[in-house]
$ cat model.cif   # mmCIF, C-alpha atoms and all ligand atoms
data_entry
loop_
_atom_site.label_atom_id
_atom_site.label_comp_id
_atom_site.auth_asym_id
_atom_site.auth_seq_id
_atom_site.Cartn_x
_atom_site.Cartn_y
_atom_site.Cartn_z
CA MET A 205 148.00 68.11 56.23
CA LEU A 206 146.66 64.64 55.85
CA ASP A 207 144.68 63.75 52.80
CA VAL A 208 141.70 61.46 53.02
CA SER A 209 143.52 58.31 52.05
CA GLU A 210 146.17 58.91 54.71
CA LEU A 211 143.46 59.52 57.26
CA SER A 212 141.75 56.29 56.48
CA LYS A 213 145.09 54.52 56.63
CA GLN A 214 145.58 56.05 60.06
CA ASP A 215 142.07 54.99 61.04
CA MET A 216 142.84 51.46 59.95
CA ALA A 217 146.07 51.44 61.95
CA ASN A 218 144.21 52.72 65.02
CA GLN A 219 141.52 50.12 64.59
CA LYS A 220 144.15 47.42 64.26
CA GLU A 221 145.86 48.54 67.45
CA ALA A 222 142.61 48.65 69.36
CA LEU A 223 141.72 45.18 68.13
CA LEU A 224 145.12 43.76 69.04
CA LEU A 225 144.51 44.89 72.62
CA ASN A 226 141.06 43.36 72.72
CA PRO A 227 141.21 40.52 75.27
CA ASP A 228 139.47 38.08 72.91
CA VAL A 229 141.98 38.82 70.17
CA GLN A 230 144.85 38.39 72.60
CA THR A 231 143.39 35.13 73.84
CA MET A 232 143.22 33.93 70.24
CA ILE A 233 146.74 35.08 69.35
CA GLN A 234 148.12 33.65 72.59
CA ARG A 235 146.56 30.31 71.75
CA MET A 236 148.11 30.41 68.28
CA VAL A 237 151.53 31.23 69.70
CA ASP A 238 151.26 28.59 72.42
CA GLN A 239 150.40 25.92 69.88
CA GLY A 240 152.55 27.25 67.07
CA VAL A 241 149.54 26.97 64.79
CA TYR A 242 148.76 30.26 63.10
CA SER A 243 145.63 29.24 61.24
CA ILE A 244 141.98 28.75 62.15
CA GLY A 245 140.32 25.97 60.22
CA SER A 246 136.63 25.47 59.60
CA LYS A 247 134.53 22.34 59.76
CA LEU A 248 131.13 21.44 58.39
CA GLU A 249 128.66 20.39 61.05
CA LYS A 250 124.97 19.69 60.84
CA ALA A 251 124.21 23.07 62.36
CA GLY A 252 126.47 25.05 60.03
CA ILE A 253 130.06 26.05 59.31
CA VAL A 254 132.01 26.03 62.58
CA TYR A 255 135.49 27.08 63.70
CA PRO A 256 136.39 24.48 66.35
CA VAL A 257 139.37 26.38 67.82
CA LEU A 258 137.32 29.51 68.42
CA GLN A 259 134.32 27.53 69.62
CA GLU A 260 136.54 26.06 72.29
CA LEU A 261 138.13 29.39 73.23
CA PHE A 262 134.86 31.32 73.29
CA PRO A 263 132.11 28.88 74.30
CA LYS A 264 129.72 31.77 74.95
CA LYS A 265 129.98 33.19 71.43
CA SER A 266 127.48 31.99 68.83
CA GLU A 267 128.73 30.82 65.43
CA LYS A 268 127.35 34.03 63.98
CA GLU A 269 129.31 36.14 66.47
CA ILE A 270 132.45 34.16 65.73
CA LYS A 271 132.01 34.80 62.01
CA ILE A 272 131.57 38.55 62.64
CA PHE A 273 134.70 38.47 64.85
CA LEU A 274 136.68 36.78 62.06
CA ASP A 275 135.36 39.19 59.42
CA GLU A 276 136.31 42.17 61.55
CA LEU A 277 139.85 40.86 62.06
CA THR A 278 140.18 40.14 58.35
CA LYS A 279 139.03 43.66 57.50
CA ALA A 280 141.57 45.11 59.92
CA ASP A 281 144.30 43.04 58.22
CA ILE A 282 145.07 41.09 61.39
CA LEU A 283 143.93 37.85 59.78
CA ARG A 284 144.03 36.76 56.18
CA SER A 285 141.31 34.53 54.79
CA LYS A 286 141.98 31.71 52.39
CA LEU A 287 139.12 30.26 50.36
CA LEU A 288 139.06 26.48 50.88
CA ASP A 289 135.80 25.53 49.23
CA LYS A 290 132.25 26.54 48.46
CA VAL A 291 129.40 24.69 50.09
CA ILE A 292 125.68 24.31 49.45
CA ILE A 293 123.71 25.57 52.43
CA CYS A 294 120.06 24.80 53.19
CA PRO A 295 118.08 28.02 52.64
CA THR A 296 115.64 27.07 55.39
CA CYS A 297 117.83 26.10 58.35
CA GLY A 298 121.37 27.04 57.26
CA SER A 299 122.78 23.51 57.52
CA PRO A 300 125.52 22.47 55.11
CA SER A 301 124.53 18.85 55.63
CA VAL A 302 122.86 18.53 52.28
CA TYR A 303 122.72 15.74 49.72
CA SER A 304 121.88 15.91 46.04
CA LYS A 305 119.22 14.00 44.12
CA TYR A 306 118.31 13.47 40.45
CA ASN A 307 114.75 14.07 39.34
CA CYS A 308 112.64 13.48 36.23
CA PRO A 309 112.45 16.78 34.32
CA ARG A 310 108.88 16.05 33.37
CA CYS A 311 107.13 14.81 36.53
CA SER A 312 109.85 15.67 39.13
CA SER A 313 109.84 12.09 40.48
CA PHE A 314 113.07 10.98 42.13
CA ASP A 315 112.37 7.41 40.98
CA ILE A 316 114.51 7.50 37.89
CA GLY A 317 117.05 4.99 36.57
CA LYS A 318 120.33 5.48 34.79
CA LYS A 319 120.78 3.34 31.69
CA ILE A 320 123.83 2.48 29.60
CA ILE A 321 123.20 2.67 25.85
CA ILE A 322 124.82 -0.15 23.85
CA GLU A 323 125.35 -0.67 20.15
CA HIS A 324 125.58 -4.23 18.77
CA ILE A 325 128.39 -3.71 16.26
CA ARG A 326 127.51 -6.68 13.99
CA CYS A 327 123.90 -5.61 13.30
CA GLY A 328 123.95 -1.96 14.37
CA PHE A 329 121.13 -2.26 16.89
CA ILE A 330 121.17 0.41 19.63
CA GLY A 331 119.34 -0.03 22.92
CA SER A 332 119.69 0.19 26.67
CA GLY A 333 121.92 -2.39 28.38
CA ASP A 334 119.11 -4.10 30.27
CA LYS A 335 117.45 -5.06 26.93
CA PHE A 336 120.58 -7.11 26.03
CA GLN A 337 120.85 -8.81 29.40
CA ASN A 338 119.67 -12.42 29.36
CA GLY A 339 120.69 -14.17 32.58
CA GLU A 340 124.46 -14.39 32.55
CA MET A 341 124.66 -13.71 28.83
CA MET A 342 124.04 -10.74 26.55
CA ILE A 343 121.78 -11.44 23.59
CA CYS A 344 120.95 -8.86 20.92
CA PRO A 345 117.17 -8.15 20.99
CA LYS A 346 117.20 -7.59 17.20
CA CYS A 347 119.40 -10.29 15.63
CA LYS A 348 119.14 -12.70 18.62
CA ASN A 349 122.87 -13.47 18.46
CA ILE A 350 125.04 -13.84 21.54
CA VAL A 351 126.91 -10.57 22.02
CA THR A 352 130.56 -11.08 23.03
CA ASP A 353 132.84 -8.57 24.77
CA ASN A 354 134.40 -7.51 21.43
CA ASP A 355 131.07 -7.25 19.68
CA TYR A 356 129.50 -4.19 21.29
CA ARG A 357 130.35 -0.70 22.46
CA LYS A 358 128.92 1.65 25.03
CA ILE A 359 127.77 4.79 23.30
CA GLY A 360 126.42 6.76 26.25
CA THR A 361 124.02 6.94 29.15
CA SER A 362 120.47 8.07 29.47
CA PHE A 363 117.86 8.26 32.18
CA GLU A 364 114.39 6.85 32.31
CA CYS A 365 111.64 7.83 34.71
CA ASN A 366 110.00 4.87 36.43
CA SER A 367 106.94 6.97 37.19
CA CYS A 368 106.07 8.51 33.83
CA GLY A 369 108.33 6.51 31.50
CA THR A 370 110.01 9.55 29.99
CA ARG A 371 113.58 9.12 28.71
CA PHE A 372 115.98 12.01 29.05
CA GLU A 373 119.68 12.68 28.78
CA ALA A 374 120.24 14.85 31.87
CA PRO A 375 118.21 14.75 35.06
CA ARG A 376 117.17 17.77 37.02
CA MET A 377 119.10 18.22 40.25
CA SER A 378 117.65 18.96 43.65
CA HIS A 379 119.10 19.04 47.17
CA LYS A 380 117.68 17.65 50.37
CA CYS A 381 118.63 18.96 53.78
CA ASN A 382 119.66 16.31 56.30
CA SER A 383 118.70 18.57 59.13
CA CYS A 384 115.24 19.94 58.31
CA GLU A 385 114.45 17.69 55.31
CA ASP A 386 113.63 20.65 53.10
CA VAL A 387 114.07 20.00 49.37
CA PHE A 388 115.38 22.85 47.24
CA THR A 389 116.97 23.57 43.87
CA TYR A 390 120.17 25.42 43.00
CA LYS A 391 118.09 28.55 42.60
CA GLU A 392 117.00 28.54 46.24
CA ALA A 393 120.21 27.13 47.72
CA LYS A 394 122.72 29.34 49.50
CA TYR A 395 126.24 28.88 48.20
CA GLU A 396 128.70 29.88 50.90
CA SER A 397 132.46 30.17 51.15
CA LEU A 398 134.46 27.96 53.44
CA PHE A 399 137.48 29.86 54.70
CA GLU A 400 140.61 29.17 56.63
CA TYR A 401 142.07 32.13 58.51
CA GLU A 402 145.66 32.83 59.43
CA LEU A 403 147.62 35.65 61.05
CA THR A 404 149.08 38.00 58.47
CA GLU A 405 152.89 38.20 58.43
CA ASP A 406 152.51 41.83 59.42
CA THR A 407 150.50 40.91 62.49
CA LYS A 408 152.93 38.19 63.50
CA ARG A 409 155.82 40.63 63.31
CA ALA A 410 153.96 43.41 65.09
CA VAL A 411 152.76 41.16 67.87
CA ALA A 412 156.23 39.70 68.39
CA ARG A 413 157.75 43.20 68.59
CA GLY A 414 154.95 44.48 70.75
CA THR A 415 154.84 47.68 68.70
CA LEU A 416 151.14 47.69 67.98
CA PRO A 417 150.00 47.14 71.57
CA LEU A 418 152.51 49.76 72.75
CA ALA A 419 151.13 52.45 70.46
CA SER A 420 147.69 52.03 71.93
CA ILE A 421 148.99 52.05 75.52
CA ILE A 422 150.91 55.24 74.82
CA SER A 423 147.85 56.98 73.42
CA THR A 424 145.81 56.03 76.51
CA LEU A 425 148.52 57.44 78.78
CA LYS A 426 148.71 60.67 76.78
CA GLU A 427 144.95 61.09 76.96
CA ASN A 428 145.27 60.83 80.73
CA GLY A 429 147.81 63.60 81.09
CA PHE A 430 151.04 61.61 81.03
CA ASP A 431 154.19 62.89 79.41
CA VAL A 432 155.16 59.75 77.60
CA GLY A 433 157.76 58.45 75.19
CA SER A 434 158.61 55.11 73.70
CA ARG A 435 162.04 53.51 73.45
CA ARG A 436 163.53 56.16 75.73
CA ASP A 437 166.94 56.14 77.39
CA LEU A 438 167.25 57.12 81.04
CA LEU A 439 170.48 57.91 82.83
CA GLY A 440 171.00 55.85 85.97
CA LYS A 441 172.81 56.62 89.23
CA SER A 442 175.69 54.47 88.03
CA GLY A 443 176.12 56.65 84.97
CA ALA A 444 174.82 53.92 82.66
CA THR A 445 171.87 54.54 80.37
CA HIS A 446 168.92 52.17 80.27
CA THR A 447 166.38 51.86 77.48
CA PHE A 448 162.72 51.27 78.22
CA ASP A 449 159.84 50.56 75.85
CA ILE A 450 157.76 53.16 77.68
CA VAL A 451 158.84 56.02 79.93
CA ALA A 452 155.92 58.02 81.35
CA ARG A 453 155.71 60.84 83.87
CA LYS A 454 152.72 62.34 85.60
CA GLY A 455 153.29 64.75 88.47
CA SER A 456 156.11 63.29 90.54
CA ALA A 457 155.46 59.74 89.39
CA LEU A 458 157.86 58.09 86.97
CA VAL A 459 156.74 54.92 85.25
CA VAL A 460 159.11 52.73 83.26
CA ALA A 461 157.84 49.71 81.36
CA ASN A 462 159.12 47.04 79.07
CA PHE A 463 157.05 44.87 76.83
CA ALA A 464 157.19 41.09 76.65
CA PHE A 465 154.96 38.67 74.83
CA GLU A 466 155.12 36.37 77.81
CA PRO A 467 156.43 37.52 81.20
CA LYS A 468 159.64 35.53 81.54
CA GLU A 469 161.82 35.50 84.63
CA GLU A 470 164.81 36.95 82.78
CA ASP A 471 162.67 39.90 81.64
CA ILE A 472 161.71 40.55 85.25
CA ILE A 473 165.29 40.31 86.51
CA GLY A 474 166.53 42.49 83.65
CA LEU A 475 164.00 45.13 84.63
CA PHE A 476 164.98 44.83 88.30
CA ALA A 477 168.58 45.74 87.46
CA LYS A 478 167.49 48.83 85.54
CA LYS A 479 165.02 49.78 88.26
CA TYR A 480 167.73 49.61 90.88
CA ASP A 481 169.78 52.12 88.92
CA ILE A 482 166.96 54.48 87.87
CA ASP A 483 164.70 54.40 90.96
CA PRO A 484 161.32 54.97 89.28
CA THR A 485 157.95 55.02 91.07
CA PHE A 486 156.65 52.02 89.13
CA THR A 487 158.54 49.43 87.17
CA LEU A 488 156.22 47.49 84.93
CA LEU A 489 156.47 44.51 82.66
CA ILE A 490 153.68 44.71 80.11
CA ALA A 491 152.82 41.23 78.93
CA LEU A 492 150.25 40.04 76.43
CA SER A 493 149.75 36.86 78.38
CA PRO A 494 149.05 36.82 82.11
CA PRO A 495 151.83 35.67 84.44
CA THR A 496 151.91 32.21 85.96
CA LYS A 497 151.99 31.92 89.74
CA ASP A 498 155.78 31.49 89.68
CA GLU A 499 156.27 34.50 87.45
CA GLU A 500 154.06 36.55 89.71
CA THR A 501 156.00 35.50 92.80
CA VAL A 502 159.26 36.44 91.12
CA SER A 503 157.83 39.77 89.98
CA LYS A 504 156.67 40.62 93.50
CA ALA A 505 160.03 39.68 94.92
CA TYR A 506 161.82 42.01 92.53
CA GLY A 507 159.27 44.81 92.79
CA VAL A 508 158.41 44.62 89.10
CA LYS A 509 154.70 44.71 88.47
CA ILE A 510 153.38 42.60 85.62
CA ILE A 511 150.48 44.19 83.78
CA SER A 512 148.57 42.07 81.32
CA ALA A 513 145.25 42.45 79.58
CA THR A 514 142.22 41.58 81.66
CA GLY A 515 138.67 41.32 80.48
CA SER A 516 137.63 44.60 82.07
CA LEU A 517 140.52 47.07 81.80
CA SER A 518 142.92 47.80 78.97
CA ILE A 519 146.63 47.76 79.79
CA GLY A 520 146.82 51.54 79.36
CA SER A 521 143.91 52.11 81.75
CA GLN A 522 145.46 49.79 84.33
CA ILE A 523 148.62 51.91 84.33
CA VAL A 524 146.55 55.10 84.64
CA GLU A 525 144.68 53.65 87.63
CA LEU A 526 147.87 52.47 89.25
CA VAL A 527 149.48 55.92 89.09
CA ASP A 528 146.29 57.83 89.91
CA SER A 529 145.76 55.69 93.02
CA LEU A 530 149.01 57.17 94.37
CA ALA A 531 147.70 60.71 94.12
CA LYS A 532 144.38 60.10 95.90
CA PRO A 533 144.37 61.88 99.29
CA GLU A 534 142.37 59.16 101.00
CA PRO A 535 142.80 57.33 104.31
CA LYS A 536 144.44 54.59 102.33
CA ALA A 537 147.00 57.01 100.90
CA GLU A 538 149.74 56.03 103.28
CA GLU A 539 149.18 52.36 102.72
CA LEU A 540 149.16 52.93 99.00
CA SER A 541 152.24 55.08 98.91
CA ASN A 542 153.98 52.46 100.98
CA LYS A 543 153.13 50.07 98.25
CA GLY A 544 154.49 52.51 95.70
CA THR A 545 157.79 52.90 97.48
CA ASN A 546 157.76 49.28 98.47
CA SER A 547 158.75 48.48 94.94
CA ASP A 548 161.67 50.84 95.40
CA LYS A 549 162.94 49.23 98.56
CA ASP A 550 166.28 47.76 97.79
CA ALA A 551 165.14 44.61 99.44
CA LEU A 552 166.89 41.44 98.46
CA PRO A 553 164.67 39.10 96.52
CA GLU A 554 165.36 36.41 99.14
CA SER A 555 163.80 38.36 102.00
CA GLU A 556 160.88 39.42 99.86
CA LEU A 557 160.16 35.87 98.86
CA LYS A 558 159.62 35.02 102.52
CA PRO A 559 156.38 36.98 103.24
CA LYS A 560 154.04 34.06 102.91
CA GLU A 561 150.34 33.75 102.37
CA GLY A 562 149.37 35.84 105.41
CA ALA A 563 151.27 38.86 104.22
CA ARG A 564 150.04 38.38 100.73
CA LYS A 565 146.44 38.24 101.86
CA SER A 566 146.62 41.54 103.72
CA GLU A 567 148.09 43.04 100.59
CA THR A 568 145.25 41.83 98.39
CA LYS A 569 142.80 43.71 100.65
CA ASP A 570 143.80 46.75 98.68
CA GLU A 571 141.01 47.10 96.16
CA ASP A 572 143.02 48.08 93.12
CA TYR A 573 145.41 45.22 93.59
CA SER A 574 142.89 42.56 94.49
CA GLU A 575 140.95 43.37 91.36
CA LEU A 576 144.04 42.89 89.27
CA ASP A 577 144.97 39.76 91.17
CA GLU A 578 141.57 38.28 90.54
CA ALA A 579 141.86 39.02 86.88
CA PHE A 580 145.31 37.48 86.78
CA GLU A 581 143.96 34.51 88.64
CA SER A 582 141.17 33.89 86.16
CA ASN A 583 143.42 34.45 83.19
CA ARG A 584 145.92 32.07 84.59
CA SER A 585 143.47 29.28 85.11
CA ARG A 586 142.26 29.82 81.58
CA ARG A 587 145.76 29.51 80.31
CA HIS A 588 146.26 26.31 82.24
CA ASP A 589 143.18 24.89 80.63
CA TRP A 590 144.70 25.43 77.21
CA ASP A 591 147.93 23.89 78.33
CA SER A 592 146.25 20.67 79.21
CA GLU A 593 144.32 20.42 75.98
CA GLY A 594 145.53 19.89 72.49
CA PHE A 595 144.32 21.76 69.49
ZN ZN B 601 122.21 -7.58 16.71
ZN ZN B 602 108.65 11.30 35.18
ZN ZN B 603 117.57 22.58 56.41
#

$ encode --input "model.cif" --output "C-alpha cells" --more "lines below"
Ligand SMILES: [Zn+2]
Ligand SMILES: [Zn+2]
Ligand SMILES: [Zn+2]
Amino acid sequence: MLDVSELSKQDMANQKEALLLNPDVQTMIQRMVDQGVYSIGSKLEKAGIVYPVLQELFPKKSEKEIKIFLDELTKADILRSKLLDKVIICPTCGSPSVYSKYNCPRCSSFDIGKKIIIEHIRCGFIGSGDKFQNGEMMICPKCKNIVTDNDYRKIGTSFECNSCGTRFEAPRMSHKCNSCEDVFTYKEAKYESLFEYELTEDTKRAVARGTLPLASIISTLKENGFDVGSRRDLLGKSGATHTFDIVARKGSALVVANFAFEPKEEDIIGLFAKKYDIDPTFTLLIALSPPTKDEETVSKAYGVKIISATGSLSIGSQIVELVDSLAKPEPKAEELSNKGTNSDKDALPESELKPKEGARKSETKDEDYSELDEAFESNRSRRHDWDSEGF
C-alpha cells in the first residue's frame, strides 16, 4: 500500500515525465544541450522581465506564459531557480524601467538640494557649505577669516527644499516609471524577484540516460494493450542476445527500440545489426531531437525508423499508431504491410540508398508516414535555425 506522501512523490515523478516529453520542454532542453549552456538568464526590458532565450525559441508565447512555463518546470524539479536580484516594478504598467527621486517631506516637491554641513574649527561656526563659498575661496560667515583646507571639517549632509524652504535630514523617496510616467512610493511599488533558471543535476542525468522519457513511452504502450518491457534481452538467430531499451509486443507485432538523445549514424547501424539477428516487425530509434536529412536517409537505408517528438503526437502514441496501422484491414493494408516487412528485407544499405526522390515521394503518399515526415521536416528546419544562430 502506498501512503499519501509516496503517492504524491509518484504523482510528481509522473508529472516530470510528462513534462520532459512535452515538445516545448524538449525544444528547450535540446537548445541547452546544443549550446552547452544549461541556464536561462533574465533581462530587464522596458516592457518587463524577459527571458531572451525562451523568447527566441517560443516567439508566440507571451512573457506571462513563459513565466508560467518556467514556474511549472521549477515546481516539477526539472529546473532550479536562482535568485539574482529584486527589482522595483511599476504598479501601473509592470515595467521595471523605473528611476528613483528625492522629495521634500513637507510639500512633496522634487526641487530639493543636498547640502554639506561644515564646521569652522577655529571659531566653531557650523553652516552649509554654500554659505562659506566666496568665489574661489572659503570665508567663514561668522569670523570672516579665510578658511583653509586644514581649518574645517565636514560634519554631515542635509537637504533643503527650494519650494518651501524646509530643511530636513532625509528626503522622502518616490519612483517614476519610464514607460507610463506614473509616480509611486515604495508602498505602491511591486518588488519582484529576478531569477536565473538552470537544469537540475537530476534532470541532466535523466535526460542523458533517457530514462524519464522511456518511462512515459512505456506507460502509453501499456495503456494501448502492448506487452512491454524495458532493458530486455532478446535471443537472436545467431544465438547472441541483444539488449533493447524497449521491447513491446502486440498481437503478432514485435517492436524493438533504443533510445538516443540525438539520432547518430552509429546508433542506427548498431540497431541494424541487432535487427538483422532478431527480425522484429519494427526497429525504432527513439530520439529526443529530430533526425537531420542525412540521418533520415541512413535510417531508411537500414530499415530503422527514427521516432522523435513532434508537436502533435507523443512518441508513445506514434509507436501505437505505427503498429495499429499494420492491423487495419483496409485497402491500404497490403501496401502498409509491405512497408512493415520492407524494414525486414535484408536489403543491402547500398541498394536501398538508390531509390531516389521518385520512390520516396510515392512512399510519402502514405498518410501516416507523410504526417511524420512533415513533422520531421518542420522540426529539422527549426533545428537548423538554431544552428545558425548563437545564444
Ligand atoms: Zn569662523
Ligand atoms: Zn518643501
Ligand atoms: Zn509604468

$ residues_near_ligand --input "model.cif" --ligand "ligand ZN 601 (chain B)" --cutoff "9 Å" --atoms "only C-alpha atoms and all ligand atoms" --output "list in words"
Glu323, His324, Ile325, Arg326, Cys327, Gly328, Phe329, Ile330, Ile343, Cys344, Pro345, Lys346, Cys347, Lys348, Asn349, Ile350 and Val351 of chain A

$ closest_residue --input "model.cif" --among "A:Met341, A:Val502, A:Ile321, A:Leu277" --to "Gly360 of chain A" --atoms "only C-alpha atoms"
A:Ile321

$ residues_around --input "model.cif" --residues "Val524 of chain A" --least-positions-apart "4" --cutoff "7 Å" --atoms "only C-alpha atoms" --output "list of chain:residue names"
A:Leu425, A:Gly520, A:Asp528

$ write_last_selection --input "model.cif" --atoms "C-alpha atoms" --output "CSV table (one decimal), in the coordinates of the input"
chain,number,residue,atom,x,y,z
A,425,LEU,CA,148.5,57.4,78.8
A,520,GLY,CA,146.8,51.5,79.4
A,528,ASP,CA,146.3,57.8,89.9

$ atom_distance --input "model.cif" --atom1 "atom CA of Ala461 of chain A" --atom2 "atom CA of Thr404 of chain A"
27.2 Å

$ closest_atom_pairs --input "model.cif" --of "chain A" --to "ligand ZN 602 (chain B)" --cutoff "10 Å" --atoms "only C-alpha atoms and all ligand atoms" --output "JSON lines"
{"residue": "A:Asn307", "atom": "CA", "partner": "B:ZN602", "partner_atom": "ZN", "distance": 7.9}
{"residue": "A:Cys308", "atom": "CA", "partner": "B:ZN602", "partner_atom": "ZN", "distance": 4.7}
{"residue": "A:Pro309", "atom": "CA", "partner": "B:ZN602", "partner_atom": "ZN", "distance": 6.7}
{"residue": "A:Arg310", "atom": "CA", "partner": "B:ZN602", "partner_atom": "ZN", "distance": 5.1}
{"residue": "A:Cys311", "atom": "CA", "partner": "B:ZN602", "partner_atom": "ZN", "distance": 4.1}
{"residue": "A:Ser312", "atom": "CA", "partner": "B:ZN602", "partner_atom": "ZN", "distance": 6.0}
{"residue": "A:Ser313", "atom": "CA", "partner": "B:ZN602", "partner_atom": "ZN", "distance": 5.5}
{"residue": "A:Phe314", "atom": "CA", "partner": "B:ZN602", "partner_atom": "ZN", "distance": 8.2}
{"residue": "A:Asp315", "atom": "CA", "partner": "B:ZN602", "partner_atom": "ZN", "distance": 7.9}
{"residue": "A:Ile316", "atom": "CA", "partner": "B:ZN602", "partner_atom": "ZN", "distance": 7.5}
{"residue": "A:Glu364", "atom": "CA", "partner": "B:ZN602", "partner_atom": "ZN", "distance": 7.8}
{"residue": "A:Cys365", "atom": "CA", "partner": "B:ZN602", "partner_atom": "ZN", "distance": 4.6}
{"residue": "A:Asn366", "atom": "CA", "partner": "B:ZN602", "partner_atom": "ZN", "distance": 6.7}
{"residue": "A:Ser367", "atom": "CA", "partner": "B:ZN602", "partner_atom": "ZN", "distance": 5.1}
{"residue": "A:Cys368", "atom": "CA", "partner": "B:ZN602", "partner_atom": "ZN", "distance": 4.0}
{"residue": "A:Gly369", "atom": "CA", "partner": "B:ZN602", "partner_atom": "ZN", "distance": 6.0}
{"residue": "A:Thr370", "atom": "CA", "partner": "B:ZN602", "partner_atom": "ZN", "distance": 5.6}
{"residue": "A:Arg371", "atom": "CA", "partner": "B:ZN602", "partner_atom": "ZN", "distance": 8.4}
{"residue": "A:Phe372", "atom": "CA", "partner": "B:ZN602", "partner_atom": "ZN", "distance": 9.6}

$ closest_residue --input "model.cif" --among "A:Ser512, A:Asn382, A:Ser442, A:Ser304" --to "ligand ZN 603 (chain B)" --atoms "only C-alpha atoms and all ligand atoms"
A:Asn382

$ residues_near_ligand --input "model.cif" --ligand "ligand ZN 603 (chain B)" --cutoff "9 Å" --atoms "only C-alpha atoms and all ligand atoms" --output "list in words"
Ala251, Ile293, Cys294, Pro295, Thr296, Cys297, Gly298, Ser299, Pro300, Ser301, Val302, Lys380, Cys381, Asn382, Ser383, Cys384, Glu385, Asp386 and Val387 of chain A

$ decode --input "model.cif" --residues "segment 357-396 of chain A" --atoms "C-alpha atoms" --output "CSV table (one decimal), in the first residue's frame"
chain,number,residue,atom,x,y,z
A,357,ARG,CA,35.6,69.6,8.8
A,358,LYS,CA,32.5,68.2,7.1
A,359,ILE,CA,30.1,67.1,9.8
A,360,GLY,CA,27.3,65.8,7.6
A,361,THR,CA,24.7,66.4,4.9
A,362,SER,CA,21.2,67.8,5.0
A,363,PHE,CA,18.6,68.7,2.5
A,364,GLU,CA,16.7,71.9,1.8
A,365,CYS,CA,13.5,72.4,-0.1
A,366,ASN,CA,13.7,75.1,-2.7
A,367,SER,CA,10.0,75.4,-2.8
A,368,CYS,CA,9.1,75.7,0.9
A,369,GLY,CA,12.5,76.3,2.4
A,370,THR,CA,12.2,73.4,4.9
A,371,ARG,CA,15.5,71.7,6.0
A,372,PHE,CA,15.5,68.0,6.6
A,373,GLU,CA,18.0,65.2,7.2
A,374,ALA,CA,16.4,62.5,5.0
A,375,PRO,CA,14.3,63.1,1.9
A,376,ARG,CA,11.2,61.0,1.1
A,377,MET,CA,11.7,58.6,-1.8
A,378,SER,CA,9.5,58.2,-4.8
A,379,HIS,CA,9.8,56.3,-8.1
A,380,LYS,CA,8.9,57.3,-11.6
A,381,CYS,CA,8.1,54.9,-14.3
A,382,ASN,CA,10.0,55.5,-17.6
A,383,SER,CA,7.3,53.7,-19.5
A,384,CYS,CA,4.0,55.2,-18.3
A,385,GLU,CA,5.4,58.1,-16.2
A,386,ASP,CA,3.4,57.1,-13.2
A,387,VAL,CA,4.9,58.2,-9.9
A,388,PHE,CA,4.6,55.9,-6.9
A,389,THR,CA,6.1,55.2,-3.5
A,390,TYR,CA,7.6,52.1,-2.0
A,391,LYS,CA,4.2,51.3,-0.6
A,392,GLU,CA,2.6,51.0,-4.1
A,393,ALA,CA,5.6,49.6,-5.9
A,394,LYS,CA,5.8,45.9,-6.8
A,395,TYR,CA,9.0,44.3,-5.7
A,396,GLU,CA,9.7,41.3,-7.9
